[in-house]
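Raw contents of run.cif, mmCIF, C-alpha atoms and all ligand atoms:
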```cif
data_input
#
loop_
_atom_site.label_atom_id
_atom_site.label_comp_id
_atom_site.auth_asym_id
_atom_site.auth_seq_id
_atom_site.Cartn_x
_atom_site.Cartn_y
_atom_site.Cartn_z
CA MET C 96 0.00 0.00 0.00
CA ALA C 97 2.75 2.41 1.01
CA LYS C 98 4.68 1.47 -2.12
CA LEU C 99 1.66 1.94 -4.34
CA LEU C 100 1.09 5.29 -2.74
CA ALA C 101 4.70 6.31 -3.29
CA LEU C 102 4.52 5.28 -6.95
CA THR C 103 1.26 7.11 -7.41
CA LEU C 104 2.76 10.22 -5.87
CA LEU C 105 5.83 9.93 -8.07
CA GLY C 106 3.64 9.59 -11.15
CA LEU C 107 1.60 12.59 -10.21
CA VAL C 108 4.69 14.61 -9.42
CA LEU C 109 6.32 13.76 -12.77
CA THR C 110 3.13 14.51 -14.65
CA HIS C 111 2.74 17.88 -13.08
CA TYR C 112 6.33 18.80 -12.30
CA LYS C 113 6.86 20.96 -15.36
CA ASP C 114 4.23 23.43 -14.44
CA HIS C 115 3.01 22.35 -11.04
CA GLN C 116 2.92 25.95 -9.93
CA SER C 117 0.42 26.85 -12.60
CA PHE C 118 -1.44 23.58 -11.99
CA TYR C 119 -1.80 24.61 -8.36
CA GLU C 120 -2.84 28.11 -9.39
CA ARG C 121 -5.53 26.67 -11.64
CA ARG C 122 -6.73 24.55 -8.75
CA LEU C 123 -7.09 27.69 -6.68
CA ASN C 124 -8.82 29.48 -9.56
CA ALA C 125 -6.05 32.05 -9.21
CA PHE C 126 -6.79 33.80 -12.49
CA ARG C 127 -10.41 34.69 -11.81
CA GLU C 128 -11.55 38.29 -11.22
CA VAL C 129 -15.14 38.92 -10.17
CA GLU C 130 -17.73 40.82 -12.14
CA PRO C 131 -19.44 42.88 -9.45
CA VAL C 132 -23.06 42.02 -8.62
CA ASP C 133 -24.39 44.60 -6.23
CA LEU C 134 -27.20 44.54 -3.70
CA PRO C 135 -28.53 48.04 -3.08
CA ASN C 136 -29.22 47.85 0.65
CA CYS C 137 -26.23 46.47 2.51
CA ASN C 138 -24.54 47.41 5.77
CA LEU C 139 -21.44 46.00 7.42
CA VAL C 140 -22.35 44.53 10.80
CA LYS C 141 -20.91 46.67 13.61
CA GLY C 142 -18.67 44.74 15.97
CA ILE C 143 -17.40 42.12 13.52
CA GLU C 144 -13.81 42.81 12.47
CA SER C 145 -12.03 39.48 12.71
CA GLY C 146 -14.22 37.02 10.92
CA SER C 147 -17.66 35.51 10.88
CA GLU C 148 -16.59 32.20 9.51
CA ASP C 149 -19.78 30.37 10.12
CA LEU C 150 -23.24 31.41 11.17
CA GLU C 151 -26.58 29.84 11.85
CA ILE C 152 -29.95 31.57 12.02
CA LEU C 153 -32.60 30.05 14.28
CA PRO C 154 -36.24 30.09 13.08
CA ASN C 155 -36.88 33.01 15.52
CA GLY C 156 -34.14 35.17 13.94
CA LEU C 157 -31.52 34.74 16.67
CA THR C 158 -28.19 34.11 14.97
CA PHE C 159 -24.98 32.50 16.18
CA ILE C 160 -21.74 33.60 14.54
CA SER C 161 -18.30 32.07 15.05
CA SER C 162 -15.58 34.71 14.97
CA GLY C 163 -11.81 34.89 15.31
CA LEU C 164 -10.76 31.70 13.52
CA LYS C 165 -7.02 31.05 13.53
CA TYR C 166 -6.24 28.76 10.63
CA PRO C 167 -2.62 27.98 9.78
CA GLY C 168 -1.51 30.02 6.78
CA ILE C 169 -4.67 32.15 6.70
CA LYS C 170 -4.88 35.79 7.73
CA SER C 171 -6.11 36.80 11.18
CA PHE C 172 -6.68 40.40 12.25
CA GLU C 173 -6.62 39.38 15.92
CA PRO C 174 -3.97 36.66 16.10
CA ASP C 175 -3.47 36.92 19.88
CA LYS C 176 -7.11 36.86 20.94
CA PRO C 177 -9.15 33.70 21.44
CA GLY C 178 -12.15 33.18 19.18
CA LYS C 179 -15.71 33.85 20.26
CA ILE C 180 -19.34 33.16 19.54
CA LEU C 181 -21.44 36.21 18.75
CA LEU C 182 -25.21 36.56 18.95
CA MET C 183 -27.26 38.76 16.64
CA ASP C 184 -31.04 39.28 16.57
CA LEU C 185 -32.23 39.69 13.01
CA ASN C 186 -35.61 41.00 14.17
CA GLU C 187 -33.96 44.27 15.19
CA GLU C 188 -34.04 47.13 12.70
CA ASP C 189 -30.29 47.72 12.79
CA PRO C 190 -28.95 44.60 14.51
CA THR C 191 -25.65 44.62 16.36
CA VAL C 192 -23.75 41.71 17.86
CA LEU C 193 -22.99 40.75 21.41
CA GLU C 194 -20.42 38.24 22.55
CA LEU C 195 -21.90 35.26 24.38
CA SER C 196 -20.21 34.49 27.66
CA ILE C 197 -19.12 30.88 28.09
CA SER C 198 -19.28 28.95 31.33
CA GLY C 199 -18.31 25.42 32.26
CA SER C 200 -15.48 24.16 34.41
CA ASN C 201 -13.76 22.00 31.82
CA PHE C 202 -13.60 24.49 29.02
CA ASN C 203 -10.40 26.35 28.16
CA LEU C 204 -11.46 29.75 26.87
CA SER C 205 -7.95 30.95 26.06
CA SER C 206 -7.48 28.30 23.37
CA PHE C 207 -10.99 28.63 21.91
CA ASN C 208 -10.69 28.62 18.11
CA PRO C 209 -14.20 28.16 16.72
CA HIS C 210 -14.78 27.09 13.12
CA GLY C 211 -17.96 25.47 11.76
CA ILE C 212 -21.07 25.60 13.96
CA SER C 213 -24.50 24.02 13.97
CA THR C 214 -27.54 24.10 16.24
CA PHE C 215 -30.03 21.50 17.35
CA THR C 216 -33.32 22.36 19.07
CA ASP C 217 -35.01 19.55 21.04
CA GLU C 218 -38.73 19.03 21.86
CA ASP C 219 -38.41 21.20 24.99
CA ASN C 220 -37.06 24.03 22.85
CA THR C 221 -33.62 23.72 24.38
CA VAL C 222 -31.10 24.99 21.86
CA TYR C 223 -27.77 23.18 21.65
CA LEU C 224 -24.84 24.72 19.81
CA LEU C 225 -22.19 22.40 18.39
CA VAL C 226 -18.91 24.07 17.57
CA VAL C 227 -15.89 22.71 15.71
CA ASN C 228 -12.94 23.94 17.79
CA HIS C 229 -9.22 23.93 17.01
CA PRO C 230 -7.46 24.39 20.34
CA ASP C 231 -3.69 24.32 19.70
CA VAL C 232 -4.32 23.28 16.06
CA LYS C 233 -6.12 20.10 17.12
CA THR C 234 -9.80 19.34 16.48
CA THR C 235 -12.60 18.89 19.00
CA VAL C 236 -16.36 19.35 18.86
CA GLU C 237 -17.72 21.41 21.77
CA LEU C 238 -21.31 20.93 22.86
CA PHE C 239 -22.96 23.95 24.48
CA LYS C 240 -26.43 24.65 25.80
CA PHE C 241 -27.72 28.11 24.86
CA GLN C 242 -29.05 30.08 27.85
CA GLU C 243 -31.05 32.83 26.23
CA GLU C 244 -31.90 34.84 29.36
CA GLN C 245 -28.28 35.00 30.50
CA LYS C 246 -27.00 35.45 26.94
CA SER C 247 -24.52 32.70 27.62
CA LEU C 248 -23.38 29.27 26.54
CA LEU C 249 -23.01 26.50 29.08
CA HIS C 250 -20.28 24.07 28.05
CA LEU C 251 -21.54 20.49 28.42
CA LYS C 252 -19.00 18.31 26.71
CA THR C 253 -15.92 18.04 24.51
CA ILE C 254 -16.09 15.36 21.81
CA ARG C 255 -12.92 13.89 20.32
CA HIS C 256 -12.60 10.89 18.04
CA GLU C 257 -9.97 9.44 15.73
CA LEU C 258 -12.40 9.78 12.82
CA LEU C 259 -12.73 13.49 13.58
CA PRO C 260 -9.09 14.53 13.02
CA ASN C 261 -9.39 17.73 10.99
CA LEU C 262 -12.92 18.97 11.04
CA ASN C 263 -14.16 21.97 9.17
CA ASP C 264 -17.94 22.03 9.29
CA ILE C 265 -20.67 20.20 11.08
CA VAL C 266 -24.42 19.68 10.78
CA ALA C 267 -26.24 18.54 13.92
CA VAL C 268 -29.03 15.99 13.77
CA GLY C 269 -29.19 15.71 17.58
CA PRO C 270 -27.32 17.22 20.54
CA GLU C 271 -24.55 14.62 20.29
CA HIS C 272 -25.29 13.47 16.86
CA PHE C 273 -23.94 14.99 13.65
CA TYR C 274 -22.36 14.76 10.22
CA ALA C 275 -19.03 16.54 9.81
CA THR C 276 -16.47 17.21 7.10
CA ASN C 277 -12.78 16.44 7.59
CA ASP C 278 -10.95 18.88 5.33
CA HIS C 279 -7.54 17.41 6.31
CA TYR C 280 -6.11 20.89 6.71
CA PHE C 281 -4.42 20.09 10.01
CA VAL C 282 -2.82 16.81 9.02
CA ASP C 283 0.92 16.52 8.85
CA SER C 284 2.10 19.47 6.81
CA TYR C 285 4.18 17.33 4.45
CA LEU C 286 1.21 15.18 3.51
CA LYS C 287 -1.01 18.22 3.41
CA SER C 288 1.16 19.96 0.88
CA TRP C 289 0.95 16.95 -1.45
CA GLU C 290 -2.74 16.70 -0.95
CA LEU C 291 -3.41 20.36 -1.61
CA TYR C 292 -0.96 20.68 -4.48
CA LEU C 293 -1.99 17.55 -6.29
CA GLY C 294 -5.65 17.32 -5.46
CA LEU C 295 -5.46 13.86 -3.92
CA ALA C 296 -8.99 14.20 -2.58
CA TRP C 297 -8.40 12.47 0.74
CA SER C 298 -10.94 14.36 2.74
CA TYR C 299 -14.16 12.76 3.91
CA VAL C 300 -17.50 13.01 5.72
CA VAL C 301 -18.14 11.29 9.05
CA TYR C 302 -21.34 10.43 10.85
CA TYR C 303 -20.97 10.70 14.63
CA SER C 304 -23.20 9.48 17.45
CA PRO C 305 -22.25 8.23 20.92
CA ASP C 306 -22.91 4.65 19.73
CA GLU C 307 -21.51 4.67 16.26
CA VAL C 308 -18.97 6.67 14.29
CA LYS C 309 -18.37 5.95 10.61
CA VAL C 310 -17.10 7.43 7.37
CA VAL C 311 -20.15 7.91 5.15
CA ALA C 312 -18.59 9.58 2.10
CA ASN C 313 -15.03 10.11 0.92
CA GLY C 314 -12.85 11.17 -1.98
CA PHE C 315 -13.35 14.93 -1.56
CA ASP C 316 -10.91 17.55 -2.72
CA PHE C 317 -11.14 19.67 0.46
CA ALA C 318 -14.57 18.84 1.89
CA ASN C 319 -15.82 22.00 3.52
CA GLY C 320 -19.45 23.00 4.05
CA ILE C 321 -22.13 20.45 4.89
CA ASN C 322 -25.86 20.81 5.38
CA ILE C 323 -29.14 18.97 5.23
CA SER C 324 -32.42 19.56 3.39
CA PRO C 325 -35.46 20.80 5.38
CA ASP C 326 -37.13 17.38 5.00
CA ARG C 327 -33.88 15.79 6.31
CA LYS C 328 -33.71 13.44 3.29
CA TYR C 329 -30.69 14.92 1.52
CA VAL C 330 -27.21 15.99 2.61
CA TYR C 331 -25.16 18.56 0.69
CA VAL C 332 -21.37 18.69 0.83
CA SER C 333 -19.12 21.27 -0.78
CA ALA C 334 -15.65 20.29 -2.01
CA SER C 335 -13.90 23.64 -2.19
CA LEU C 336 -10.91 22.84 -4.36
CA ALA C 337 -12.89 20.62 -6.71
CA ARG C 338 -15.40 23.53 -6.85
CA LYS C 339 -18.23 21.04 -6.50
CA ILE C 340 -21.36 20.58 -4.48
CA HIS C 341 -22.32 16.95 -3.95
CA VAL C 342 -25.87 15.83 -3.24
CA TYR C 343 -26.45 12.68 -1.18
CA GLU C 344 -29.54 10.76 -0.24
CA LYS C 345 -29.57 10.07 3.49
CA HIS C 346 -30.83 6.68 4.66
CA ALA C 347 -32.47 5.67 7.95
CA ASN C 348 -29.19 4.01 8.98
CA TRP C 349 -27.40 7.35 8.36
CA THR C 350 -25.41 6.11 5.35
CA LEU C 351 -25.30 8.37 2.30
CA THR C 352 -25.75 7.51 -1.37
CA SER C 353 -24.34 9.88 -3.95
CA LEU C 354 -27.01 11.30 -6.25
CA LYS C 355 -25.26 14.01 -8.24
CA SER C 356 -22.76 16.83 -8.13
CA MET C 357 -22.57 20.31 -9.64
CA VAL C 358 -19.40 22.14 -10.72
CA PHE C 359 -18.80 25.88 -10.31
CA ASN C 360 -16.22 28.46 -11.31
CA THR C 361 -15.62 29.45 -7.69
CA LEU C 362 -14.39 27.72 -4.52
CA VAL C 363 -17.62 26.79 -2.76
CA ASP C 364 -17.46 27.07 1.03
CA ASN C 365 -20.36 26.89 3.50
CA ILE C 366 -23.81 25.84 2.46
CA SER C 367 -26.87 27.10 4.22
CA VAL C 368 -30.33 25.87 3.40
CA ASP C 369 -33.39 28.10 3.39
CA PRO C 370 -35.75 26.30 5.78
CA VAL C 371 -38.80 27.51 3.81
CA THR C 372 -37.82 27.03 0.16
CA GLY C 373 -34.99 24.49 0.51
CA ASP C 374 -32.75 26.71 -1.67
CA LEU C 375 -29.02 26.44 -1.06
CA TRP C 376 -27.11 29.63 -0.27
CA VAL C 377 -23.39 29.28 -0.70
CA GLY C 378 -20.57 31.56 0.41
CA CYS C 379 -17.77 31.28 -2.17
CA HIS C 380 -14.16 32.27 -2.87
CA PRO C 381 -13.95 33.21 -6.56
CA ASN C 382 -10.15 33.20 -6.30
CA GLY C 383 -8.70 30.83 -3.73
CA LYS C 384 -5.13 32.06 -4.07
CA ARG C 385 -6.12 35.35 -2.46
CA ILE C 386 -7.47 33.48 0.56
CA PHE C 387 -4.35 31.41 1.10
CA TYR C 388 -1.87 34.20 0.21
CA TYR C 389 -3.32 37.36 1.71
CA ASP C 390 -2.27 40.60 0.01
CA VAL C 391 -3.90 43.82 1.14
CA GLU C 392 -3.55 45.29 -2.38
CA HIS C 393 -5.40 42.32 -3.90
CA PRO C 394 -7.79 41.15 -1.20
CA PRO C 395 -9.92 38.04 -1.63
CA ALA C 396 -13.27 38.75 -3.23
CA SER C 397 -16.69 37.64 -2.05
CA GLU C 398 -19.40 35.83 -3.95
CA VAL C 399 -22.77 34.42 -2.92
CA LEU C 400 -24.67 31.84 -4.97
CA GLN C 401 -28.29 30.84 -4.65
CA ILE C 402 -29.11 27.37 -5.99
CA GLN C 403 -32.78 26.60 -6.57
CA ASN C 404 -34.29 23.20 -7.36
CA ILE C 405 -30.99 21.37 -6.84
CA LEU C 406 -32.67 17.96 -7.04
CA THR C 407 -34.12 18.59 -10.49
CA GLU C 408 -32.43 18.15 -13.87
CA GLU C 409 -32.01 21.89 -14.23
CA PRO C 410 -31.12 23.63 -11.00
CA LYS C 411 -31.08 27.41 -11.26
CA VAL C 412 -27.87 29.08 -10.09
CA THR C 413 -27.91 32.83 -9.42
CA VAL C 414 -24.97 35.02 -8.40
CA VAL C 415 -26.76 37.14 -5.81
CA TYR C 416 -23.75 39.14 -4.68
CA ALA C 417 -20.17 39.53 -5.92
CA GLU C 418 -17.62 42.09 -4.80
CA ASN C 419 -13.87 42.39 -5.31
CA GLY C 420 -12.87 42.60 -1.65
CA THR C 421 -12.91 46.37 -1.26
CA VAL C 422 -15.94 45.96 1.01
CA LEU C 423 -16.13 42.28 1.95
CA GLN C 424 -13.16 39.89 1.90
CA GLY C 425 -13.39 36.12 1.60
CA SER C 426 -17.07 35.26 2.01
CA THR C 427 -17.60 31.82 3.52
CA VAL C 428 -21.27 31.67 4.29
CA ALA C 429 -24.57 33.33 3.42
CA SER C 430 -27.93 32.76 5.01
CA VAL C 431 -31.39 34.26 4.55
CA TYR C 432 -34.05 35.38 7.02
CA LYS C 433 -37.28 37.17 6.08
CA GLY C 434 -35.96 38.85 2.95
CA LYS C 435 -32.55 39.67 4.44
CA LEU C 436 -29.21 38.11 3.62
CA LEU C 437 -26.36 37.80 6.12
CA ILE C 438 -22.92 37.11 4.63
CA GLY C 439 -19.96 35.96 6.74
CA THR C 440 -16.24 35.88 5.98
CA VAL C 441 -13.20 33.81 7.02
CA PHE C 442 -11.31 36.54 8.86
CA GLN C 443 -12.84 39.92 8.04
CA LYS C 444 -16.30 41.49 8.43
CA ALA C 445 -19.94 40.49 7.91
CA LEU C 446 -22.46 42.12 5.59
CA TYR C 447 -26.22 42.36 6.13
CA CYS C 448 -28.34 43.08 3.04
CA LYS C 449 -31.97 43.51 2.11
CA LEU C 450 -32.83 41.25 -0.82
C1 LIG C 501 -5.49 26.61 27.94
O1 LIG C 501 -5.01 27.01 26.67
C2 LIG C 501 -3.83 27.75 26.71
C3 LIG C 501 -3.54 28.25 25.30
O2 LIG C 501 -3.43 27.17 24.41
C4 LIG C 501 -2.72 26.89 27.27
O3 LIG C 501 -1.51 27.64 27.34
C5 LIG C 501 -3.11 26.43 28.66
O4 LIG C 501 -2.15 25.53 29.16
C6 LIG C 501 -4.47 25.73 28.62
N1 LIG C 501 -4.91 25.46 30.00
C7 LIG C 501 -5.29 24.26 30.38
C8 LIG C 501 -5.75 24.16 31.80
O5 LIG C 501 -5.23 23.27 29.66
C1 LIG C 502 -28.20 1.38 4.92
O1 LIG C 502 -29.44 1.56 4.25
C2 LIG C 502 -29.33 1.53 2.84
C3 LIG C 502 -30.69 1.88 2.26
O2 LIG C 502 -31.69 1.14 2.87
C4 LIG C 502 -28.86 0.16 2.41
O3 LIG C 502 -28.74 0.10 1.00
C5 LIG C 502 -27.48 -0.10 3.04
O4 LIG C 502 -27.05 -1.39 2.72
C6 LIG C 502 -27.55 0.08 4.55
N1 LIG C 502 -26.18 0.03 5.04
C7 LIG C 502 -25.85 -0.59 6.15
C8 LIG C 502 -24.41 -0.58 6.51
O5 LIG C 502 -26.67 -1.13 6.86
C1 LIG C 503 -12.87 47.00 -6.73
O1 LIG C 503 -14.03 47.60 -7.23
C2 LIG C 503 -14.15 48.94 -6.89
C3 LIG C 503 -15.52 49.41 -7.31
O2 LIG C 503 -15.94 48.79 -8.47
C4 LIG C 503 -13.00 49.71 -7.57
O3 LIG C 503 -13.10 51.09 -7.23
C5 LIG C 503 -11.69 49.15 -7.04
O4 LIG C 503 -10.60 49.75 -7.71
C6 LIG C 503 -11.62 47.66 -7.24
N1 LIG C 503 -10.46 47.17 -6.49
C7 LIG C 503 -9.67 46.20 -6.93
C8 LIG C 503 -8.55 45.80 -6.01
O5 LIG C 503 -9.84 45.66 -8.01
#
```
What does this structure look like when you write it as structure tokens?
Amino acid sequence: MAKLLALTLLGLVLTHYKDHQSFYERRLNAFREVEPVDLPNCNLVKGIESGSEDLEILPNGLTFISSGLKYPGIKSFEPDKPGKILLMDLNEEDPTVLELSISGSNFNLSSFNPHGISTFTDEDNTVYLLVVNHPDVKTTVELFKFQEEQKSLLHLKTIRHELLPNLNDIVAVGPEHFYATNDHYFVDSYLKSWELYLGLAWSYVVYYSPDEVKVVANGFDFANGINISPDRKYVYVSASLARKIHVYEKHANWTLTSLKSMVFNTLVDNISVDPVTGDLWVGCHPNGKRIFYYDVEHPPASEVLQIQNILTEEPKVTVVYAENGTVLQGSTVASVYKGKLLIGTVFQKALYCKL
């Protein structure tokens, strides 16, 4: 196996050696510039300056935002501060954010490095927040209970597992029950460089429950966002470097069967699903090189796609917003609530628009 792997690597290296730099640049879509698509009524959200990497809007308009991600090789405007979870109420006319306090004796706040998040609401209306965390460049999943009155999160549990080595995003189907993407970003840097340069597509999706943990889909070129349809029958996974969104049918035993995939001319990141229409809203990086190699003169652009009728033969894809990074840099996620669109970014601001 090791030998086969070595030979495969050698073959790939020889094939691409001549112009592997430009091969890598093509993978990152490094030559793309965006055509601006404007929305007339947008405001930057006050209080978000160091990222809004992932966000989730509850049916009542309360919104959780993960902020302050430290990702190796990616820009941070607050490299010495721990990350945080922000709360925003989209029912307010001009909503601002407040930082949720976190309590719980076994939780280390100073190494909090939140990434993908997801919520689960049980029959008693208790809201659980699941957060992918990267303390000291490792991966854990933190389970919190949301205490609305106190505006705080009570830490209940830290989940670690060997099949959860390098998580990016998560979608909860119960308080301790989720699908998650392993993007492989934190694996050994030597292996990672091969994987990223050559597109070895080693990243995968895991189903986790206290009783059973299993790989349910693999072969992704940087699996990133993951989400589920409102009827809970389909799971969507974005593969950022392949620029694809994969659609899976979910079975009662939690396994996934691949149905189809769609290809885009942009690095697709988080997927949010409109709970009413089932449309997918995708935060994208038109030009991935600008995300991985930050240059203030050529900042990463932002782009938001809406995908309607994804299960049909002819899904409709609309570029709802595109901007060259002068306003919003590196959009990762976009989500809708009552005719408004909230767009988050890896390490910069967040934008709130009327549609
Ligand atoms: C908490 O995290 C910080 C930063 O990584 C680390 O220096 C410290 O040792 C951790 N504390 C505990 C109790 O693990
Ligand atoms: C899970 O369910 C699907 C659909 O019913 C079935 O095809 C598959 O064999 C099952 N897998 C396992 C491991 O039970
Ligand atoms: C981005 O677009 C704005 C407005 O269209 C333009 O003024 C600016 O020069 C552009 N910036 C870059 C870096 O292309």
With a distance cut-off of 7 Å and only C-alpha atoms, select the neighbouring residues of Asn263 of chain C, excluding the residue or stretch itself and same-chain residues fewer than 4 positions from it, and output the selection as a PDB file with C-alpha atoms, in the frame of the given file.
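Below is the file that was written, result_26.pdb:
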```
ATOM      1  CA  HIS C 210     -14.780  27.090  13.120  1.00  0.00           C
ATOM      2  CA  GLY C 211     -17.960  25.470  11.760  1.00  0.00           C
ATOM      3  CA  VAL C 227     -15.890  22.710  15.710  1.00  0.00           C
ATOM      4  CA  THR C 276     -16.470  17.210   7.100  1.00  0.00           C
ATOM      5  CA  ASN C 277     -12.780  16.440   7.590  1.00  0.00           C
ATOM      6  CA  ASP C 278     -10.950  18.880   5.330  1.00  0.00           C
ATOM      7  CA  ASN C 319     -15.820  22.000   3.520  1.00  0.00           C
TER       8      ASN C 319
END
```
(request) Could you give me, as a ChimeraX atom specification, the residues within 7 Å of Asn138 of chain C, counting all atoms listed in the file and dropping anything in the same chain fewer than 2 positions from it? (result) /C:136,140,446-448
(request) Can you tell me which residues come within 10 Å of ligand LIG 502 (chain C) when counting only C-alpha atoms and all ligand atoms, ideally as a list in words? (result)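 So the residues close to ligand LIG 502 (chain C) are Lys309, Val311, Glu344, Lys345, His346, Ala347, Asn348, Trp349, Thr350, Leu351 and Thr352 of chain C.
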(request) For each of C:Ser430, C:Ser397, C:Thr440, C:Gln242, take the minimum atom-to-atom distance to ligand LIG 503 (chain C), counting all atoms listed in the file, then give the residue where this is smallest. (result)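 Nearest to ligand LIG 503 (chain C): C:Ser397.
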Identify the residues around (-31.4, 41.3, 10.5) within a radius of 8 Å, measuring from all atoms listed in the file in the coordinates stated by the file, and give them as a CSV table (one decimal) with C-alpha atoms, in the frame of the given file.
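Written file, selection32.csv:
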```csv
chain,number,residue,atom,x,y,z
C,156,GLY,CA,-34.1,35.2,13.9
C,183,MET,CA,-27.3,38.8,16.6
C,184,ASP,CA,-31.0,39.3,16.6
C,185,LEU,CA,-32.2,39.7,13.0
C,186,ASN,CA,-35.6,41.0,14.2
C,187,GLU,CA,-34.0,44.3,15.2
C,188,GLU,CA,-34.0,47.1,12.7
C,189,ASP,CA,-30.3,47.7,12.8
C,190,PRO,CA,-29.0,44.6,14.5
C,432,TYR,CA,-34.0,35.4,7.0
C,435,LYS,CA,-32.6,39.7,4.4
C,436,LEU,CA,-29.2,38.1,3.6
C,437,LEU,CA,-26.4,37.8,6.1
C,447,TYR,CA,-26.2,42.4,6.1
```
(message) When you count all atoms listed in the file, which of these residues is closest to Tyr303 of chain C: C:Ala318, C:Leu259, C:Val342, C:Val371?
(response)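 Closest residue, counting all atoms listed in the file: C:Leu259.
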For segment 406-420 of chain C, list every protein, DNA or RNA residue within 8 Å, evaluated using all atoms listed in the file, and leave out those in the same chain fewer than 6 positions away; present the list as a PDB file with C-alpha atoms, in the coordinates of the input.
```pdb
ATOM      1  CA  GLU C 128     -11.550  38.290 -11.220  1.00  0.00           C
ATOM      2  CA  VAL C 129     -15.140  38.920 -10.170  1.00  0.00           C
ATOM      3  CA  GLU C 130     -17.730  40.820 -12.140  1.00  0.00           C
ATOM      4  CA  PRO C 131     -19.440  42.880  -9.450  1.00  0.00           C
ATOM      5  CA  VAL C 132     -23.060  42.020  -8.620  1.00  0.00           C
ATOM      6  CA  ASP C 133     -24.390  44.600  -6.230  1.00  0.00           C
ATOM      7  CA  LEU C 134     -27.200  44.540  -3.700  1.00  0.00           C
ATOM      8  CA  HIS C 393      -5.400  42.320  -3.900  1.00  0.00           C
ATOM      9  CA  PRO C 394      -7.790  41.150  -1.200  1.00  0.00           C
ATOM     10  CA  PRO C 395      -9.920  38.040  -1.630  1.00  0.00           C
ATOM     11  CA  ALA C 396     -13.270  38.750  -3.230  1.00  0.00           C
ATOM     12  CA  SER C 397     -16.690  37.640  -2.050  1.00  0.00           C
ATOM     13  CA  GLU C 398     -19.400  35.830  -3.950  1.00  0.00           C
ATOM     14  CA  VAL C 399     -22.770  34.420  -2.920  1.00  0.00           C
ATOM     15  CA  LEU C 400     -24.670  31.840  -4.970  1.00  0.00           C
TER      16      LEU C 400
END
```
(message) Calculated over only C-alpha atoms, which of the candidates C:Phe159, C:Val332, C:Asn261, C:Val428 has the smallest distance to Ser367 of chain C?
(response)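 Of C:Phe159, C:Val332, C:Asn261, C:Val428, the one nearest Ser367 of chain C, counting only C-alpha atoms, is C:Val428.
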(request) Counting all atoms listed in the file, select every polymer residue within 10 Å of (-24.6, 24.2, 18.5) as defined in the file's coordinates, and provide the selection as number ranges by chain. (result) C: 151, 159, 211-216, 222-227, 236-241, 248, 265-267, 269-271
Per residue of chain C within 8 Å of ligand LIG 501 (chain C), note the shortest atom pair and the distance in Å to one decimal, counting all atoms listed in the file, and order the rows by chain and increasing residue number, as a Markdown table.
```
| residue | atom | partner | partner_atom | distance |
| --- | --- | --- | --- | --- |
| C:Asn203 | CA | C:LIG501 | C1 | 4.9 |
| C:Leu204 | CA | C:LIG501 | C1 | 6.8 |
| C:Ser205 | CA | C:LIG501 | O1 | 5.0 |
| C:Ser206 | CA | C:LIG501 | O1 | 4.3 |
| C:Phe207 | CA | C:LIG501 | O1 | 7.8 |
| C:Pro230 | CA | C:LIG501 | O2 | 6.4 |
| C:Asp231 | CA | C:LIG501 | O2 | 5.5 |
```
(request) Can you work out which one of C:Pro325, C:Gly320, C:Gly314, C:Gly168 has the shortest atom-to-atom distance to Ile366 of chain C, counting all atoms listed in the file? (result)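 Closest candidate: C:Gly320.
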(message) Just checking: using all atoms listed in the file, which residue out of C:Arg127, C:Thr221, C:Asn365, C:Glu144 ends up closest to ligand LIG 503 (chain C)?
(response)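 Of all the options, C:Arg127 lies closest to ligand LIG 503 (chain C).
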(request) Can you work out the spacing between atom CA of Lys328 of chain C and atom CA of Glu218 of chain C in Å, to one decimal? (result) 20.0 Å
